[in-house]
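Engineer: Input file: protein.pdb. Contents: PDB, C-alpha atoms.
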```
ATOM      1  CA  MET A   1      -6.794   8.647 -24.962
ATOM      2  CA  LYS A   2      -3.121   9.538 -24.678
ATOM      3  CA  LEU A   3      -0.998   6.911 -22.930
ATOM      4  CA  THR A   4       1.628   7.802 -20.371
ATOM      5  CA  ILE A   5       5.086   6.251 -20.753
ATOM      6  CA  ALA A   6       4.314   3.790 -17.948
ATOM      7  CA  GLN A   7       1.014   2.792 -19.566
ATOM      8  CA  PHE A   8       2.702   2.367 -22.949
ATOM      9  CA  ILE A   9       5.422   0.130 -21.507
ATOM     10  CA  LEU A  10       3.081  -1.945 -19.325
ATOM     11  CA  PHE A  11       0.154  -2.330 -21.715
ATOM     12  CA  LYS A  12       1.682  -2.114 -25.197
ATOM     13  CA  ILE A  13       5.242  -3.394 -24.858
ATOM     14  CA  PHE A  14       4.789  -5.919 -22.030
ATOM     15  CA  LYS A  15       1.176  -6.656 -23.085
ATOM     16  CA  TRP A  16       0.233  -6.731 -19.407
ATOM     17  CA  LYS A  17      -3.102  -5.945 -17.801
ATOM     18  CA  ILE A  18      -4.265  -4.868 -14.376
ATOM     19  CA  VAL A  19      -7.322  -6.446 -12.788
ATOM     20  CA  GLY A  20      -8.817  -4.604  -9.823
ATOM     21  CA  ASP A  21      -7.713  -1.394  -8.194
ATOM     22  CA  PHE A  22      -6.168  -0.054  -5.040
ATOM     23  CA  PRO A  23      -8.620   1.243  -2.444
ATOM     24  CA  LYS A  24      -9.453   4.913  -2.945
ATOM     25  CA  ASP A  25     -11.077   5.454   0.453
ATOM     26  CA  ILE A  26      -8.196   4.090   2.565
ATOM     27  CA  SER A  27      -5.007   6.106   2.995
ATOM     28  CA  LYS A  28      -2.980   3.496   4.879
ATOM     29  CA  PHE A  29      -2.419  -0.153   3.978
ATOM     30  CA  VAL A  30       0.183  -2.847   3.377
ATOM     31  CA  ILE A  31       0.507  -4.304  -0.123
ATOM     32  CA  ILE A  32       1.883  -7.819  -0.401
ATOM     33  CA  GLY A  33       3.213  -8.692  -3.861
ATOM     34  CA  ALA A  34       3.819 -12.309  -4.843
ATOM     35  CA  PRO A  35       5.074 -14.562  -6.167
ATOM     36  CA  HIS A  36       8.439 -12.814  -6.054
ATOM     37  CA  THR A  37      10.580 -14.947  -8.351
ATOM     38  CA  SER A  38      12.414 -12.388 -10.467
ATOM     39  CA  ASN A  39      13.669  -8.815 -10.596
ATOM     40  CA  TYR A  40      10.996  -8.283 -13.281
ATOM     41  CA  ASP A  41       8.451  -8.270 -10.440
ATOM     42  CA  PHE A  42       9.945  -4.972  -9.268
ATOM     43  CA  ILE A  43       9.638  -3.464 -12.751
ATOM     44  CA  ILE A  44       6.026  -4.606 -13.095
ATOM     45  CA  GLY A  45       5.213  -3.345  -9.590
ATOM     46  CA  LEU A  46       6.806   0.031 -10.327
ATOM     47  CA  LEU A  47       4.839   0.355 -13.558
ATOM     48  CA  VAL A  48       1.573  -0.675 -11.858
ATOM     49  CA  LYS A  49       1.990   1.879  -9.051
ATOM     50  CA  THR A  50       2.840   4.561 -11.619
ATOM     51  CA  VAL A  51      -0.138   3.732 -13.855
ATOM     52  CA  LYS A  52      -2.451   3.672 -10.822
ATOM     53  CA  LYS A  53      -0.897   6.891  -9.455
ATOM     54  CA  LEU A  54      -0.343   5.312  -6.050
ATOM     55  CA  LYS A  55       2.376   6.705  -3.846
ATOM     56  CA  THR A  56       4.015   3.722  -2.173
ATOM     57  CA  ASN A  57       7.168   2.837  -0.356
ATOM     58  CA  PHE A  58       8.886  -0.533  -0.366
ATOM     59  CA  LEU A  59      11.435  -2.256   1.806
ATOM     60  CA  ALA A  60      14.584  -3.600   0.143
ATOM     61  CA  LYS A  61      17.946  -4.892   1.263
ATOM     62  CA  ALA A  62      20.391  -2.074   1.997
ATOM     63  CA  SER A  63      23.003  -3.449  -0.402
ATOM     64  CA  LEU A  64      20.793  -2.307  -3.309
ATOM     65  CA  PHE A  65      21.102   1.325  -2.233
ATOM     66  CA  ILE A  66      24.705   1.863  -3.297
ATOM     67  CA  PHE A  67      25.692   4.638  -5.701
ATOM     68  CA  PRO A  68      24.251   5.261  -8.255
ATOM     69  CA  LEU A  69      21.254   2.921  -7.843
ATOM     70  CA  GLY A  70      20.528   4.216  -4.342
ATOM     71  CA  TYR A  71      19.309   7.526  -5.727
ATOM     72  CA  PHE A  72      16.918   5.766  -8.080
ATOM     73  CA  PHE A  73      15.533   3.346  -5.473
ATOM     74  CA  ARG A  74      14.927   6.157  -2.976
ATOM     75  CA  SER A  75      13.246   8.302  -5.648
ATOM     76  CA  VAL A  76      10.692   5.555  -6.346
ATOM     77  CA  GLY A  77       9.939   4.954  -2.662
ATOM     78  CA  GLY A  78      12.647   2.537  -1.567
ATOM     79  CA  VAL A  79      13.534   2.213   2.104
ATOM     80  CA  PRO A  80      16.837   0.386   2.770
ATOM     81  CA  ILE A  81      16.784  -2.416   5.335
ATOM     82  CA  ASN A  82      20.015  -3.692   6.848
ATOM     83  CA  ARG A  83      19.240  -7.345   7.543
ATOM     84  CA  LYS A  84      22.567  -7.941   9.307
ATOM     85  CA  LYS A  85      21.939  -5.472  12.101
ATOM     86  CA  ASN A  86      19.414  -6.388  14.766
ATOM     87  CA  LYS A  87      16.946  -3.620  14.024
ATOM     88  CA  ASN A  88      13.246  -3.858  14.540
ATOM     89  CA  VAL A  89      11.938  -3.296  11.030
ATOM     90  CA  VAL A  90       8.356  -3.992  12.105
ATOM     91  CA  GLU A  91       8.472  -1.370  14.857
ATOM     92  CA  ALA A  92      10.097   1.226  12.594
ATOM     93  CA  THR A  93       7.522   0.662   9.852
ATOM     94  CA  VAL A  94       4.607   0.827  12.307
ATOM     95  CA  SER A  95       6.014   4.175  13.509
ATOM     96  CA  GLU A  96       5.883   5.448   9.930
ATOM     97  CA  PHE A  97       2.206   4.470   9.734
ATOM     98  CA  ASN A  98       1.502   6.221  13.052
ATOM     99  CA  GLU A  99       3.336   9.419  12.099
ATOM    100  CA  ARG A 100       1.744   9.927   8.678
ATOM    101  CA  SER A 101      -1.783  10.676   7.552
ATOM    102  CA  ALA A 102      -1.249   8.513   4.461
ATOM    103  CA  PHE A 103       1.234   5.673   4.085
ATOM    104  CA  VAL A 104       1.338   2.606   1.855
ATOM    105  CA  ILE A 105       4.138   0.052   1.962
ATOM    106  CA  ALA A 106       4.693  -2.781  -0.516
ATOM    107  CA  ILE A 107       6.365  -5.929   0.777
ATOM    108  CA  SER A 108       7.181  -9.329  -0.678
ATOM    109  CA  PRO A 109       5.876 -11.823   1.880
ATOM    110  CA  GLU A 110       8.440 -14.381   0.738
ATOM    111  CA  GLY A 111      11.282 -12.010   1.622
ATOM    112  CA  THR A 112      13.384 -13.375  -1.257
ATOM    113  CA  ARG A 113      13.221 -14.453  -4.880
ATOM    114  CA  SER A 114      13.972 -18.059  -3.874
ATOM    115  CA  LYS A 115      11.461 -20.845  -3.241
ATOM    116  CA  VAL A 116      10.159 -20.711   0.319
ATOM    117  CA  SER A 117       7.640 -22.964   2.028
ATOM    118  CA  ASN A 118       6.548 -20.326   4.535
ATOM    119  CA  TRP A 119       6.111 -16.604   4.171
ATOM    120  CA  LYS A 120       7.961 -14.245   6.451
ATOM    121  CA  THR A 121       5.437 -12.658   8.819
ATOM    122  CA  GLY A 122       6.839  -9.132   9.066
ATOM    123  CA  PHE A 123       4.114  -7.746   6.793
ATOM    124  CA  TYR A 124       1.492  -9.368   9.032
ATOM    125  CA  HIS A 125       2.889  -7.867  12.224
ATOM    126  CA  ILE A 126       3.227  -4.449  10.566
ATOM    127  CA  ALA A 127      -0.412  -4.482   9.412
ATOM    128  CA  LYS A 128      -1.681  -5.826  12.725
ATOM    129  CA  GLN A 129       0.212  -3.356  14.910
ATOM    130  CA  ALA A 130      -0.536  -0.403  12.621
ATOM    131  CA  GLU A 131      -4.183  -1.537  12.430
ATOM    132  CA  VAL A 132      -4.253  -1.301   8.638
ATOM    133  CA  PRO A 133      -5.567  -3.742   6.017
ATOM    134  CA  VAL A 134      -3.514  -5.887   3.663
ATOM    135  CA  VAL A 135      -3.976  -5.613  -0.101
ATOM    136  CA  ALA A 136      -2.848  -8.685  -2.028
ATOM    137  CA  LEU A 137      -1.270  -8.061  -5.441
ATOM    138  CA  THR A 138      -0.204 -10.789  -7.886
ATOM    139  CA  PHE A 139       2.536 -11.013 -10.486
ATOM    140  CA  ASP A 140       1.012 -13.583 -12.843
ATOM    141  CA  PHE A 141       3.354 -14.068 -15.788
ATOM    142  CA  GLY A 142       1.190 -16.907 -17.116
ATOM    143  CA  LYS A 143      -1.736 -14.534 -17.709
ATOM    144  CA  ARG A 144       0.453 -11.413 -18.037
ATOM    145  CA  GLN A 145      -1.536  -9.641 -15.386
ATOM    146  CA  THR A 146      -1.418  -8.083 -11.986
ATOM    147  CA  GLU A 147      -4.507  -8.625  -9.895
ATOM    148  CA  ILE A 148      -5.211  -6.261  -7.027
ATOM    149  CA  PHE A 149      -7.563  -7.710  -4.443
ATOM    150  CA  PRO A 150      -9.838  -5.760  -2.080
ATOM    151  CA  PRO A 151      -8.363  -4.838   1.310
ATOM    152  CA  TYR A 152      -8.309  -7.649   3.847
ATOM    153  CA  TYR A 153      -8.701  -6.717   7.489
ATOM    154  CA  LEU A 154      -6.791  -9.078   9.735
ATOM    155  CA  THR A 155      -8.806 -11.164  12.181
ATOM    156  CA  GLY A 156      -5.982 -11.462  14.692
ATOM    157  CA  ASN A 157      -5.683 -15.192  14.044
ATOM    158  CA  GLN A 158      -2.390 -15.348  12.156
ATOM    159  CA  ASP A 159      -2.918 -18.867  10.784
ATOM    160  CA  ILE A 160      -6.342 -18.032   9.351
ATOM    161  CA  ASP A 161      -5.205 -14.672   7.980
ATOM    162  CA  ILE A 162      -2.065 -16.041   6.296
ATOM    163  CA  ALA A 163      -3.991 -18.991   4.833
ATOM    164  CA  PHE A 164      -6.606 -16.612   3.389
ATOM    165  CA  LEU A 165      -3.977 -14.292   1.911
ATOM    166  CA  LYS A 166      -2.011 -17.221   0.449
ATOM    167  CA  SER A 167      -5.224 -18.424  -1.225
ATOM    168  CA  ARG A 168      -5.098 -15.272  -3.384
ATOM    169  CA  TYR A 169      -1.947 -16.645  -5.005
ATOM    170  CA  LYS A 170      -3.197 -20.123  -5.889
ATOM    171  CA  ASN A 171      -2.448 -20.967  -9.534
ATOM    172  CA  ILE A 172      -0.407 -17.792 -10.056
ATOM    173  CA  LYS A 173       2.667 -18.326 -12.236
ATOM    174  CA  GLY A 174       5.762 -16.332 -11.369
ATOM    175  CA  LYS A 175       8.293 -15.208 -13.968
ATOM    176  CA  VAL A 176      10.694 -17.948 -12.885
ATOM    177  CA  ALA A 177       9.320 -21.426 -12.206
ATOM    178  CA  LEU A 178      10.732 -22.385  -8.812
ATOM    179  CA  ASN A 179      11.306 -26.069  -8.182
ATOM    180  CA  SER A 180       9.498 -27.608  -5.236
TER     181      SER A 180
END
```
Using structure tokens, write down the structure that the file contains.
Structural biologist:
Amino acid sequence: MKLTIAQFILFKIFKWKIVGDFPKDISKFVIIGAPHTSNYDFIIGLLVKTVKKLKTNFLAKASLFIFPLGYFFRSVGGVPINRKKNKNVVEATVSEFNERSAFVIAISPEGTRSKVSNWKTGFYHIAKQAEVPVVALTFDFGKRQTEIFPPYYLTGNQDIDIAFLKSRYKNIKGKVALNS
């Protein structure tokens, strides 16, 4: 079997593996990728989506979209978010889900590469309002693997849903060990 460039980099150079798969029978969902401790997470995520041939978009701070990087980030699905302006990112993203027949967005629930005790809930509100499932995806540098979990359909009880989704990340080691 002939390897693509993305497969060669991910599997042979990085010695990474992928456990699980994205849903094939669902055209709209939110991917949450964690732990987000390093810029390497983006590279791994980009390689995983390329290997799995999944067209995704991702939200990122607008300051990353300056010339010349802006062209690259947009070409791989990046959507700039200006955090300083009071814009309703949730509402805008839900509109994208409603206007398209297929749409997948990848979001870091932590919202940063720093240690956080609580996840930001934007992904939750997007999935709930768009009535789409959440697919948990891990960046486990301890095992050198990304695990893709089956779609989770929100119950409407935010505490229960967030606790369940966080349980997917128990014992997962990020690239950078964040102090408690």
Engineer: Any chance you could work out the residue set of the PyMOL selection byres ((chain A and resi 131-136) around 7) here, as a ChimeraX atom specification?
Structural biologist: /A:28-33,127-130,137-138,148-154,165
Engineer: Pick out the closest residue to Ile172 (chain A) from this set: A:Lys12, A:Lys61, A:Arg100, A:His36. Count all atoms listed in the file.
Structural biologist: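 Answer, going by the shortest atom-to-atom distance: A:His36.
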Engineer: Apply the PyMOL selection byres ((chain A and resi 121) around 12) to the structure shown and report the selected residues as JSON, numbers by chain.
Structural biologist: {"A": [32, 89, 90, 107, 108, 109, 110, 111, 118, 119, 120, 122, 123, 124, 125, 126, 127, 128, 158, 159, 161, 162, 165]}
Engineer: Kindly indicate which residue among A:Ala34, A:Leu64, A:Leu47, A:Ile26 lies nearest to Ile13 (chain A), using only C-alpha atoms for the distances.
Structural biologist: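 For Ile13 (chain A), the nearest of the given residues is A:Leu47.
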Engineer: What gap, in Å, lies between CA of Asn157 (chain A) and CA of Ala60 (chain A)?
Structural biologist: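 Result for CA of Asn157 (chain A) versus CA of Ala60 (chain A): 27.2 Å, one decimal.
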Engineer: In Å, how far is it from CA of Phe139 (chain A) to CA of Gly77 (chain A)?
Structural biologist: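 Result for CA of Phe139 (chain A) versus CA of Gly77 (chain A): 19.3 Å, one decimal.
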Engineer: Leu46 (chain A): which residues within 12 Å, counting all atoms listed in the file, same-chain residues fewer than 2 positions away excluded, as a PyMOL selection string?
Structural biologist: chain A and resi 6-7+9-10+33+39-44+48-58+72-73+75-78+106+139+146
Engineer: Let me know the centre plus edge lengths, in Å and rounded to one decimal, of a box with edges along x, y and z that contains all listed atoms of region 149-155 of chain A and is padded by 3 Å on every side, as AutoDock Vina command-line options.
Structural biologist:
```
--center_x -8.3 --center_y -8.0 --center_z 3.9 --size_x 9.0 --size_y 12.3 --size_z 22.6
```
Engineer: Go ahead and compute the interatomic distance for CA of Pro68 (chain A) and CA of Pro80 (chain A), in Å to one decimal.
Structural biologist: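 Between CA of Pro68 (chain A) and CA of Pro80 (chain A) the gap works out to 14.2 Å.
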